[in-house]
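See below for the structure under consideration.
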Amino acid sequence: MRATTATHIQTRRQQKAARKNSHLCKSNENKRQTSRKTAATKSADHYQLVARATRDAIRDWDLTSGALIWPQGLDSLLGYSPGASHHTIAFWQQQIHREDRSRIAASIREAIKSKAEHWSGEYRFRHAKGHYLQLLERALLVRDKNGRAVRFVGTLMDVTARKQLRDQLSHSQKMEAFGQLAGGVAHDFNNFLTAILGYSDLLVAEIPGRGTGAKYLSEIRSAAGRAASLTRQLLTFSRRQPLEPRVLEVNTLIHNLERSILRLLGENISVLCELMPEKRHIKVDPDQFTQIIINLAVNARDAMPAGGTLVLKTETISTNGKSPPELPSGKYVRISVIDNGMGMTQEVKEHLFEPFFTTKDDRHGSGLGLATCYGIVGQSGGHITIESELAKGTAVRIYLPEVAAPPAADYRKRPKLPSGTETILVVEDDISVRHVAVRTLRMLGYNVLEAFRADEAKRLIENTAINLVVSDIVLPDMSGCDFADWMRINSPSTQILLTSGYLPEMTTIGTPSSDLPFLSKPFDPQQLAETVRASLDAVVLT
């Protein structure tokens with residue numbers, strides 16, 4: 001009996017110990033599970049925080065069912081409230097810009113068919129408010145054990161600002177290249193015009209009276225002058241022409257622009273000029289003024305895609321400092337450019353003159369046109385205003401101070417050109433320009449030598465006493481400025497006059513700049529004669 005009781009007690013102790021061990025095991029297991037859950041929770045929170053920190057959208061696409069999940073960014077980045085319609089791949093496809101849709105779809109299909117684990121692409125995606133965001137998507141392709149893609153998880157980053165900067169840089173580089181091309185074309189064209197102007201004037205001097213031949217020559221010279229104005233516009237565009245305000249008659253200026261504007265507008269837009277009967281004058285740079293009117297005409301054309309009428313109007317007004325308030329009291333010429341196009345909202349009008357603000361797409365607008373117009377008008381002492389209403393059109397009004405007319409030129413007697421007997425060397429690689437310069441100077445009594453290249457000119461200078469060298473800046477073997485440096489060392493008593501079809505090379509090629517006289521092409525015999533005489537007389541004065 002005692003043995004049985006002892007055995008029973010021992011058994012109960014073993015059972016109690018077993019239960020205790022069991023509780024301890026369960027407790028440890030629970031602790032381990034809790035620890036794993038805590039770690040998993042922390043890990044999930046960590047990845048969620050990382051995802052939120054990027055501010056990207058995340059899409060999880062089930063390739064088997066076509067279901068689409070948006071763990072993040074559907075609302076914050078893309079502007080869409082969660083809804084059932086957003087959870088199919090069709091929603092994502094429909095919001096992609098139609099010009100990008102087929103390209104992106106083909107690229108994803110190719111990645112899915114291949115063994116690739118990653119895919120990336122850039123495309124435009126429509127925001128809930130209607131505008132497009134430029135998105136860069138980087139995705140992971142999850143595959144099953146057979147290598148078949150079953151899941152597509154991508155992060156969508158907004159790179160709109162980066163693309164705009166990239167496009168602006170590309171546009172800037174294109175405009176710089178075009179400016180260089182325009183400058184080069186204008187330089188060569190100025191050489192041709194120098195020959196045309198020079199020979200025209202030489203012939204005019206030989207043909208007496210006012211016969212038919214003299215009249216024809218006058219027309220040739222007038223056409224060459226207008227062509228010279230065109231090259232100045234090209235040089236202004238390429239930033240290679242100094243700005244020179246002059247007194248101009250407004251109606252003539254507008255009338256001369258009418259033909260250029262008609263070419264820009266197209267057949268479905270007519271131009272109506274309402275010019276004041278009397279002649280009034282303003283002081284502006286003609287090329288700057290041309291740029292203003294052309295910019296405004298192009299804007300008007302874009303506002304009338306279905307056609308319409310563009311009105312160019314000139315009139316005189318007196319201001320009292322109140323209307324418009326930005327102008328001091330005085331007499332002004334008002335030039336109006338009026339269209340009957342789409343017009344503008346008040347919000348657009350408030351930002352019109354801000355640099356880089358444009359309502360056009362990247363391919364058709366830089367956002368600098370009106371800002372440039374505003375700056376040019378302001379520098380000329382004037383002001384520009386815009387009146388516009390939706391569906392009623394736009395009127396741009398330019399106010400410029402009226403100035404007195406310049407003294408009438410005396411065309412009855414040609415001025416006598418200054419002459420001399422000094423020795424002059426003309427260094428010019430363009431044969432037409434060189435010949436007309438040489439003949440003009442010889443006609444004026446100078447002893448003239450000529451050279452095609454700088455090395456040829458150096459030989460002449462070393463063996464002949466030369467008073468003045470007239471040299472082009474761009475020579476086949478060296479720059480005219482470097483040639484001037486050589487002359488300062490080897491023939492310091494010889495003066496030099498530089499010529500060029502564009503101006504800034506004086507400060508970018510070689511060292512000579514403001515201390516050397518300069519003659520801009522195209523030049524006529526009178527300009528050449530006066531500049532040469534002034535350069536020679538400067539030796540006496542110094």
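Chain identifiers are assigned as A, B, and so on, following the order in which chains appear in the structure tokens; residues are numbered from 1 within each chain, and ligands are numbered from 1 in order of appearance.
If you count only C-alpha atoms and ignore residues fewer than 5 places along the chain from Leu156 in chain A, what sits within 8 Å of it is Asp56, Ala57, Ile58, Arg59, Leu135, Leu136, Glu137 and Arg138 of chain A.
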Write a file of the just-selected residues containing N, CA, C and O atoms, as a PDB file, in the first residue's frame.
```
ATOM      1  N   ASP A  56       6.656  58.600 -54.608  1.00  0.00           N
ATOM      2  CA  ASP A  56       6.290  57.950 -55.858  1.00  0.00           C
ATOM      3  C   ASP A  56       4.967  57.219 -55.700  1.00  0.00           C
ATOM      4  O   ASP A  56       4.528  56.922 -54.594  1.00  0.00           O
ATOM      5  N   ALA A  57       4.343  56.932 -56.841  1.00  0.00           N
ATOM      6  CA  ALA A  57       3.186  56.041 -56.843  1.00  0.00           C
ATOM      7  C   ALA A  57       3.681  54.612 -57.050  1.00  0.00           C
ATOM      8  O   ALA A  57       4.732  54.394 -57.670  1.00  0.00           O
ATOM      9  N   ILE A  58       2.945  53.662 -56.519  1.00  0.00           N
ATOM     10  CA  ILE A  58       3.299  52.250 -56.684  1.00  0.00           C
ATOM     11  C   ILE A  58       2.099  51.515 -57.255  1.00  0.00           C
ATOM     12  O   ILE A  58       0.976  51.670 -56.760  1.00  0.00           O
ATOM     13  N   ARG A  59       2.325  50.750 -58.302  1.00  0.00           N
ATOM     14  CA  ARG A  59       1.245  49.921 -58.858  1.00  0.00           C
ATOM     15  C   ARG A  59       1.686  48.461 -58.866  1.00  0.00           C
ATOM     16  O   ARG A  59       2.838  48.143 -59.189  1.00  0.00           O
ATOM     17  N   LEU A 135       6.103  60.687 -66.355  1.00  0.00           N
ATOM     18  CA  LEU A 135       6.436  59.693 -65.328  1.00  0.00           C
ATOM     19  C   LEU A 135       7.575  58.806 -65.791  1.00  0.00           C
ATOM     20  O   LEU A 135       7.662  58.426 -66.962  1.00  0.00           O
ATOM     21  N   LEU A 136       8.442  58.495 -64.847  1.00  0.00           N
ATOM     22  CA  LEU A 136       9.478  57.480 -65.053  1.00  0.00           C
ATOM     23  C   LEU A 136       9.106  56.287 -64.192  1.00  0.00           C
ATOM     24  O   LEU A 136       9.026  56.401 -62.969  1.00  0.00           O
ATOM     25  N   GLU A 137       8.852  55.135 -64.814  1.00  0.00           N
ATOM     26  CA  GLU A 137       8.470  53.938 -64.067  1.00  0.00           C
ATOM     27  C   GLU A 137       9.600  52.920 -64.099  1.00  0.00           C
ATOM     28  O   GLU A 137      10.160  52.617 -65.154  1.00  0.00           O
ATOM     29  N   ARG A 138       9.917  52.402 -62.904  1.00  0.00           N
ATOM     30  CA  ARG A 138      10.877  51.302 -62.771  1.00  0.00           C
ATOM     31  C   ARG A 138      10.134  50.134 -62.148  1.00  0.00           C
ATOM     32  O   ARG A 138       9.510  50.293 -61.094  1.00  0.00           O
TER      33      ARG A 138
END
```
Among listed residues A:Asp201, A:Glu402, A:Glu117, A:Glu450, nearest Ile220 in chain A (using only C-alpha atoms): A:Asp201
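Within the 7 Å cut-off around range 417-433 of chain A, using only C-alpha atoms and omitting residues fewer than 6 positions from it on the same chain, the listed residues are Asn191, Thr194, Ala195, Leu444, Gly445, Tyr446, Asn447, Val448, Leu449, Glu450, Ala451, Phe452, Arg453, Ala457, Ile466, Asn467, Leu468, Val469, Val470, Ser471, Asp472, Leu475, Gln526, Ala529, Glu530 and Arg533 of chain A.
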Nearest-residue call for Arg143 in chain A, choices A:Ala484, A:Leu498, A:Leu390, A:Leu63, using only C-alpha atoms: A:Leu63
d(CA of Gly382 in chain A, CA of Glu274 in chain A) in Å: 21.0 Å
Residues of range 264-493 of chain A in strand (DSSP E or B), written as number ranges by chain: A: 269-274, 281-284, 308-319, 330-339, 383-389, 393-403, 423-427, 447-451, 468-472, 474, 479
